[in-house]
Each structure stands twice: as structure tokens, then as C-alpha cells.
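**Q** Starting off with a structure, shown below.
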Amino acid sequence: MKNQTALTWLISPIFVLSLFVTSMGLFYQDPGQTYPFTSIRGEKVTINGQGLYRYDTVSSAAQMQGNDLITLVVGLPLLVISTWLAFRGSLRGRLLLTGTLGFFLYTYMSMSMLAAFNTLFLIYVILFGMSLYAFILSMLSFDLMDLPTHFLESLPRKWLAGFMFVTGGFLTIAWLARIIQPLLQNTPPSLENTTTMVIQAMDLALIVPLAVLSGILLLRSSAWGYLLSSVFILKAITLGLGVSAMGINMTLQGVPDGLAFLVPFLMLTIINLVMAVTLLKSIDNGSTSPVR
């Protein structure tokens with residue numbers, strides 16, 4: 001695999017540091033209790049008051065711990081398995097590794113900017129940077145001229161592209177609904193103890209365009225279409241699992257919006273799992289003719 005040495009030096013500390021920060025988020029406890037807080041925009045929220053996320057709200061802490069759980073039980077095993085497969089020369093492994101690194105990039109980009117400042121801030125930033133460059137190196141490891149030749153003609157490109165458009169459309173509608181109404185009414189949105197809508201900005205600027213672009217390029221049988229579609233679908237699975245875990249944890253913590261997060265994202269996760277299996281099964285390492 002191209003860039004294998006550099007990726008080894010990046011992926012190893014990503015694994016170790018991610019294991020550390022997720023364990024801290026899930027298991028570190030210190031004395032404290034929740035307390036009410038009025039944000040700079042006058043929003044009344046409840047601060048968690050304990051553990052690593054002591055300065056985040058109860059809702060935010062529940063979401064971050066849900067994402068920590070998915071990173072620990074899904075993301076880290078995927079990172080190990082996909083790295084092992086990729087370094088053995090498996091195309092499926094390389095695609096899986098690239099998508100998994102996309103998950104770590106998204107996760108620690110958001111933690112660097114969204115979590116209330118805590119003792120692990122610099123580690124979040126380090127993980128953000130290392131995941132970014134590992135993701136870029138993994139993307140650069142593919143031979144784009146050769147990539148389409150490894151996908152079977154039976155790959156249901158229209159079906160896959162359609163679901164990517166649906167996922168992008170769902171995120172667009174869900175987040176714009178939370179943004180436009182406050183803008184029209186000149187009232188602040190639900191921000192809790194943050195100052196702006198970080199996740200919505202990331203999804204609308206990164207995930208939604210990726211979904212649309214991947215779908216269009218896949219329909220055109222572009223090499224970039226196969227690569228970006230693989231990245232998007234695998235990222236969508238971990239995103240859906242993460243938000244689903246957030247919803248479950250929020251519900252357990254008594255946050256009323258928990259089920260609203262859980263149901264639609266759980267459905268998207270199931271759909272994207274089917275898409276990922278379909279995509280990876282369509283790879284034929286012995287294929288020599290491009291998909292038409």
C-alpha cells in the first residue's frame with residue numbers, strides 16, 4: 001500500500017490516543033452534581049457538573065459519551081481490522097480504512113471545536129490533525145485510473161446514488177429547519193452552552209456536499225465516484241451509529257429530544273449498512289475491464 005510507513009506512524013498514535021480519550025469520557029468520574037446555568041443568549045440549561053464533560057450540558061455530555069462508546073466499540077476495532085487488511089493489499093481494506101479515518105477526522109474535528117474546554121483539549125487537536133493527514137494519505141494511496149476496473153458491472157450505482165441523495169437531503173432538511181426558523185424570527189436557536197451550531201456547519205459544509213458529489217460522480221462511473229462513495233457510505237454508518245448511541249444515552253439521561261435523534265438516524269444506519277455490504281461485495285480484485 002502506498003504511504004504505508006507514514007500511515008503506520010499516524011494510525012498507531014490515533015489508536016492509542018483515541019482509546020485513552022474515549023475511556024476518559026466514559027469512565028472518568030469526579031465528585032460533582034448538575035446545576036442550572038443561563039447561557040450568554042439567555043437559554044436556561046443544566047450543566048453536567050461531573051466527569052470529563054463537567055462543563056458541558058447534560059444533553060451535550062450524553063451525546064459525547066454516546067459517540068465515545070461508538071468510537072470505542074466500533075471505530076477502534078474497524079481501525080485495526082481495516083489497517084491490517086489494507087496493509088496486506090486488500091482494496092476492500094483500503095476503502096474501509098479511508099472511511100474509518102474519515103470517521104476519526106469528523107469526530108475529533110467536532111470535539112476540538114464543540115466540547116467545553118477540558119484537560120484533553122490538546123489531545124483532541126492532535127487527533128484532529130493526525131486523522132486529517134492520515135485520511136489524505138489514504139486517499140492518495142489509490143490509483144484512480146485503475147480503481148473502476150475493480151468494481152463489477154452489477155453494482156447498483158443508481159440505487160446507491162439515490163440513497164446518498166436521500167441522506168444528504170435528510171441532513172439538509174433536518175439542520176436547515178433548526179437554523180432558518182430562528183433566523184426568520186430573530187431569535188437564538190437551541191445552542192445550550194455553545195456559541196454557534198458547530199455540527200450543523202460541519203454537516204452542511206462537508207457531509208451534504210460529499211453525499212451529492214459522490215452520488216453524481218458514481219452515476220457517471222467516475223473513479224472519484226467509487227472512492228468518494230465508499231468514503232461517504234462508511235462515514236455515514238459510523239455517523240448514524242454515533243448519533244443513535246447519542247439518542248439512547250440522551251433518553252437514559254432524561255433528555256426529551258433523545259428519541260427524535262435516535263429513530264431517523266438508526267434507519268439511516270441500517271440503510272447505509274446495506275449499501276456498504278453491497279458496495280464491498282461488488283469489488284472484484286481480478287476484474288480488468290472498467291465498469292460501464
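By order in the C-alpha cells, chains are A, B, ...; within a chain, residues start at 1; ligands start at 1, following the order shown.
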Hey, which bits of stretch 21-75 of chain A sit within 12 Å of stretch 259-280 of chain A, and for each residue what's the closest pair of atoms and how far apart in Å (one decimal), counting only C-alpha atoms, rows by chain and increasing number, as a tab-separated table?

**A**
```
residue	atom	partner	partner_atom	distance
A:Ser59	CA	A:Phe261	CA	11.8
A:Gln63	CA	A:Phe261	CA	10.1
A:Gly66	CA	A:Leu262	CA	11.4
```

**Q** Neighbours of A:Met111 within 12 Å (only C-alpha atoms; same-chain residues fewer than 6 positions away dropped), as a ChimeraX atom specification?

**A** /A:18,21-22,25,53,56,60-61,63-65,67-68,104-105,117-118,120-128,198-199,202

**Q** Measuring atom to atom with only C-alpha atoms, identify which of A:Leu217, A:Leu144, A:Leu210, A:Ile11 is nearest to A:Ile81.

**A**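 That would be A:Ile11, the residue with the smallest distance to A:Ile81.
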
**Q** Which of these residues is nearest to A:Leu213, using only C-alpha atoms: A:Ala161, A:Leu234, A:Ile179, A:Leu7?

**A** A:Ala161

**Q** Could you list, as a list of chain:residue names, every residue within 9 Å of A:Met1, counting only C-alpha atoms and ignoring same-chain residues fewer than 3 positions away?

**A**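 Near neighbours after the sequence-gap exclusion: A:Gln4, A:Ala86, A:Phe87, A:Arg88, A:Gly89, A:Ser90, A:Arg94, A:Ser141, A:Phe142.
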
**Q** Hey, what's within 10 Å of A:Thr172 if we count only C-alpha atoms and toss same-chain stuff fewer than 2 positions away? As an mmCIF file with N, CA and C atoms, in the first residue's frame, please?

**A**
```cif
data_model
loop_
_atom_site.group_PDB
_atom_site.id
_atom_site.type_symbol
_atom_site.label_atom_id
_atom_site.label_comp_id
_atom_site.auth_asym_id
_atom_site.auth_seq_id
_atom_site.Cartn_x
_atom_site.Cartn_y
_atom_site.Cartn_z
ATOM 1 N N VAL A 166 -30.668 10.883 -0.739
ATOM 2 C CA VAL A 166 -31.661 10.906 0.347
ATOM 3 C C VAL A 166 -30.999 11.291 1.664
ATOM 4 N N THR A 167 -29.832 10.706 1.942
ATOM 5 C CA THR A 167 -29.122 11.026 3.180
ATOM 6 C C THR A 167 -28.723 12.501 3.222
ATOM 7 N N GLY A 168 -28.186 13.005 2.103
ATOM 8 C CA GLY A 168 -27.832 14.416 2.041
ATOM 9 C C GLY A 168 -29.050 15.316 2.186
ATOM 10 N N GLY A 169 -30.156 14.917 1.555
ATOM 11 C CA GLY A 169 -31.389 15.702 1.669
ATOM 12 C C GLY A 169 -31.940 15.702 3.084
ATOM 13 N N PHE A 170 -31.882 14.539 3.739
ATOM 14 C CA PHE A 170 -32.371 14.449 5.122
ATOM 15 C C PHE A 170 -31.586 15.384 6.040
ATOM 16 N N ALA A 174 -33.153 18.547 7.995
ATOM 17 C CA ALA A 174 -33.118 18.499 9.452
ATOM 18 C C ALA A 174 -32.392 19.701 10.045
ATOM 19 N N TRP A 175 -31.247 20.047 9.451
ATOM 20 C CA TRP A 175 -30.461 21.130 10.036
ATOM 21 C C TRP A 175 -30.985 22.504 9.630
ATOM 22 N N LEU A 176 -31.447 22.658 8.384
ATOM 23 C CA LEU A 176 -31.997 23.962 7.991
ATOM 24 C C LEU A 176 -33.254 24.299 8.782
ATOM 25 N N ALA A 177 -34.023 23.277 9.148
ATOM 26 C CA ALA A 177 -35.219 23.519 9.955
ATOM 27 C C ALA A 177 -34.852 24.120 11.311
ATOM 28 N N GLN A 200 -23.967 21.418 12.746
ATOM 29 C CA GLN A 200 -24.738 21.794 11.568
ATOM 30 C C GLN A 200 -23.836 22.416 10.497
ATOM 31 N N ASP A 203 -21.775 19.499 8.935
ATOM 32 C CA ASP A 203 -22.567 18.615 8.079
ATOM 33 C C ASP A 203 -22.979 19.304 6.780
ATOM 34 N N LEU A 204 -23.407 20.565 6.875
ATOM 35 C CA LEU A 204 -23.863 21.267 5.678
ATOM 36 C C LEU A 204 -22.703 21.631 4.754
ATOM 37 N N ILE A 207 -20.509 17.081 4.842
ATOM 38 C CA ILE A 207 -21.189 15.801 4.620
ATOM 39 C C ILE A 207 -22.210 15.887 3.497
ATOM 40 N N VAL A 208 -23.041 16.924 3.498
ATOM 41 C CA VAL A 208 -24.068 17.047 2.454
ATOM 42 C C VAL A 208 -23.434 17.187 1.061
ATOM 43 N N PRO A 209 -22.468 18.094 0.852
ATOM 44 C CA PRO A 209 -21.823 18.158 -0.477
ATOM 45 C C PRO A 209 -21.144 16.847 -0.857
#
```

**Q** Compile the contact shell of A:Leu85 as a list in words: residues with an atom at most 12 Å away, counting only C-alpha atoms, same-chain residues fewer than 6 positions apart removed.

**A**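 The contact residues come out as Met1, Leu78, Leu79, Leu91, Arg92, Gly93, Arg94, Leu95, Leu96, Leu97 and Thr98 of chain A.
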
**Q** I'd like to know which residues of stretch 12-74 of chain A are strand (DSSP E) (by DSSP, run on the backbone); could you write them as a list in words?

**A**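 The strand (DSSP E) residues within stretch 12-74 of chain A come out as Tyr35, Pro36, Phe37, Thr38, Lys44, Val45, Thr46 and Ile47 of chain A.
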
**Q** Mind dumping the selected residues with C-alpha atoms as a PDB file, in the first residue's frame?

**A**
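What follows is the written file again07.pdb:
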```
ATOM      1  CA  TYR A  35     -26.563  22.726  38.263  1.00  0.00           C
ATOM      2  CA  PRO A  36     -28.662  25.255  36.312  1.00  0.00           C
ATOM      3  CA  PHE A  37     -26.978  27.748  34.035  1.00  0.00           C
ATOM      4  CA  THR A  38     -28.130  30.657  31.891  1.00  0.00           C
ATOM      5  CA  LYS A  44     -31.591  28.068  30.616  1.00  0.00           C
ATOM      6  CA  VAL A  45     -29.719  24.765  30.590  1.00  0.00           C
ATOM      7  CA  THR A  46     -28.418  22.172  33.038  1.00  0.00           C
ATOM      8  CA  ILE A  47     -24.642  21.725  33.304  1.00  0.00           C
TER       9      ILE A  47
END
```

**Q** Find the residue from A:Ser23, A:Ser12, A:Ser222, A:Ser39 that sits nearest to A:Met145; use only C-alpha atoms when measuring.

**A**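 Looking only at the distances to A:Met145, the closest residue turns out to be A:Ser222.
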
**Q** Given only C-alpha atoms as the basis, pick out the residue of A:Thr5, A:Thr107, A:Thr187, A:Ser221 nearest to A:Ile70.

**A**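 Of A:Thr5, A:Thr107, A:Thr187, A:Ser221, the one nearest A:Ile70 is A:Thr107, counting only C-alpha atoms.
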
**Q** Go ahead and compute the interatomic distance for atom CA of A:Gln29 and atom CA of A:Arg54, in Å to one decimal.

**A**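 Atom CA of A:Arg54 lies 9.4 Å from atom CA of A:Gln29.
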
**Q** Would you list, as an NGL selection string, the residues of stretch 91-265 of chain A that end up in alpha helix (DSSP H) under DSSP run on this structure's backbone?

**A** :A and (91-114 or 121-140 or 157-185 or 198-202 or 208-219 or 223-252 or 258-265)

**Q** Restrict the selected residues to C-alpha atoms and save them as a compact mmCIF listing (two decimals), in the first residue's frame.

**A**
```
# COMPACT_ATOMS: atom_id res chain seq x y z
CA LEU A 91 -8.72 -3.00 -1.85
CA ARG A 92 -11.72 -3.53 0.42
CA GLY A 93 -9.42 -2.92 3.37
CA ARG A 94 -8.08 0.30 1.87
CA LEU A 95 -11.58 1.62 1.21
CA LEU A 96 -12.66 0.60 4.70
CA LEU A 97 -9.58 2.27 6.21
CA THR A 98 -10.22 5.51 4.33
CA GLY A 99 -13.82 5.62 5.50
CA THR A 100 -12.79 4.82 9.07
CA LEU A 101 -10.19 7.59 9.07
CA GLY A 102 -12.93 9.91 7.81
CA PHE A 103 -14.92 8.99 10.91
CA PHE A 104 -11.99 9.81 13.22
CA LEU A 105 -11.38 13.07 11.35
CA TYR A 106 -15.00 14.15 11.75
CA THR A 107 -15.15 13.04 15.39
CA TYR A 108 -12.09 14.89 16.61
CA MET A 109 -12.68 17.94 14.46
CA SER A 110 -16.02 18.29 16.23
CA MET A 111 -14.57 17.53 19.69
CA SER A 112 -11.85 20.15 19.19
CA MET A 113 -14.45 22.82 18.46
CA LEU A 114 -17.58 21.68 20.31
CA PHE A 121 -8.22 19.64 24.55
CA LEU A 122 -4.71 19.34 23.09
CA ILE A 123 -5.21 15.60 22.56
CA TYR A 124 -8.40 16.33 20.60
CA VAL A 125 -6.43 18.75 18.44
CA ILE A 126 -3.61 16.23 17.92
CA LEU A 127 -6.13 13.54 16.94
CA PHE A 128 -7.85 16.00 14.59
CA GLY A 129 -4.55 16.80 12.86
CA MET A 130 -3.29 13.22 12.66
CA SER A 131 -6.64 11.94 11.38
CA LEU A 132 -6.71 14.66 8.73
CA TYR A 133 -3.28 13.79 7.32
CA ALA A 134 -3.84 10.04 7.63
CA PHE A 135 -7.10 10.47 5.70
CA ILE A 136 -5.33 12.49 2.98
CA LEU A 137 -2.53 9.90 2.67
CA SER A 138 -5.06 7.09 2.49
CA MET A 139 -6.96 8.91 -0.27
CA LEU A 140 -3.71 9.43 -2.16
CA ARG A 157 -24.99 2.58 -8.94
CA LYS A 158 -28.39 4.28 -9.32
CA TRP A 159 -29.67 2.68 -6.13
CA LEU A 160 -26.57 3.66 -4.16
CA ALA A 161 -26.53 7.20 -5.54
CA GLY A 162 -30.22 7.59 -4.74
CA PHE A 163 -29.70 6.71 -1.09
CA MET A 164 -26.77 9.10 -0.89
CA PHE A 165 -29.01 11.87 -2.22
CA VAL A 166 -31.66 10.91 0.35
CA THR A 167 -29.12 11.03 3.18
CA GLY A 168 -27.83 14.42 2.04
CA GLY A 169 -31.39 15.70 1.67
CA PHE A 170 -32.37 14.45 5.12
CA LEU A 171 -29.44 16.22 6.79
CA THR A 172 -30.14 19.41 4.82
CA ILE A 173 -33.81 19.49 5.83
CA ALA A 174 -33.12 18.50 9.45
CA TRP A 175 -30.46 21.13 10.04
CA LEU A 176 -32.00 23.96 7.99
CA ALA A 177 -35.22 23.52 9.95
CA ARG A 178 -33.23 24.28 13.11
CA ILE A 179 -31.44 27.24 11.52
CA ILE A 180 -33.95 29.10 9.34
CA GLN A 181 -36.79 29.50 11.83
CA PRO A 182 -34.63 31.32 14.43
CA LEU A 183 -33.19 33.49 11.66
CA LEU A 184 -36.65 34.46 10.43
CA GLN A 185 -37.91 35.12 13.95
CA VAL A 198 -20.83 23.54 15.02
CA ILE A 199 -22.24 20.17 13.91
CA GLN A 200 -24.74 21.79 11.57
CA ALA A 201 -21.95 23.83 9.96
CA MET A 202 -19.78 20.74 9.52
CA VAL A 208 -24.07 17.05 2.45
CA PRO A 209 -21.82 18.16 -0.48
CA LEU A 210 -19.93 14.85 -0.17
CA ALA A 211 -23.21 12.93 -0.46
CA VAL A 212 -24.33 14.87 -3.54
CA LEU A 213 -20.95 14.88 -5.27
CA SER A 214 -20.37 11.18 -4.58
CA GLY A 215 -23.77 10.28 -5.98
CA ILE A 216 -23.32 12.34 -9.15
CA LEU A 217 -19.82 11.01 -9.83
CA LEU A 218 -20.90 7.42 -9.14
CA LEU A 219 -23.72 7.75 -11.68
CA ALA A 223 -13.16 6.86 -10.44
CA TRP A 224 -13.70 9.60 -7.87
CA GLY A 225 -17.30 8.46 -7.63
CA TYR A 226 -16.29 4.98 -6.48
CA LEU A 227 -13.75 6.33 -4.00
CA LEU A 228 -15.89 9.11 -2.52
CA SER A 229 -18.97 6.87 -2.38
CA SER A 230 -17.01 4.32 -0.37
CA VAL A 231 -15.81 7.04 2.00
CA PHE A 232 -19.27 8.55 2.37
CA ILE A 233 -21.13 5.29 2.96
CA LEU A 234 -18.67 4.07 5.58
CA LYS A 235 -18.66 7.50 7.24
CA ALA A 236 -22.46 7.54 7.21
CA ILE A 237 -22.58 4.21 9.07
CA THR A 238 -20.36 5.44 11.89
CA LEU A 239 -22.17 8.80 11.92
CA GLY A 240 -25.53 7.05 12.19
CA LEU A 241 -24.29 4.70 14.90
CA GLY A 242 -22.80 7.62 16.80
CA VAL A 243 -25.97 9.71 16.69
CA SER A 244 -28.09 6.64 17.55
CA ALA A 245 -25.92 6.00 20.62
CA MET A 246 -26.24 9.68 21.49
CA GLY A 247 -30.03 9.40 21.27
CA ILE A 248 -30.13 6.33 23.51
CA ASN A 249 -27.86 7.92 26.09
CA MET A 250 -29.81 11.18 25.99
CA THR A 251 -33.04 9.23 26.60
CA LEU A 252 -31.45 7.38 29.54
CA GLY A 258 -33.27 11.72 22.62
CA LEU A 259 -35.80 9.68 20.63
CA ALA A 260 -36.03 12.39 17.97
CA PHE A 261 -32.31 11.79 17.31
CA LEU A 262 -32.49 8.02 17.61
CA VAL A 263 -35.19 6.89 15.19
CA PRO A 264 -34.24 8.60 11.88
CA PHE A 265 -30.51 8.11 12.32
```
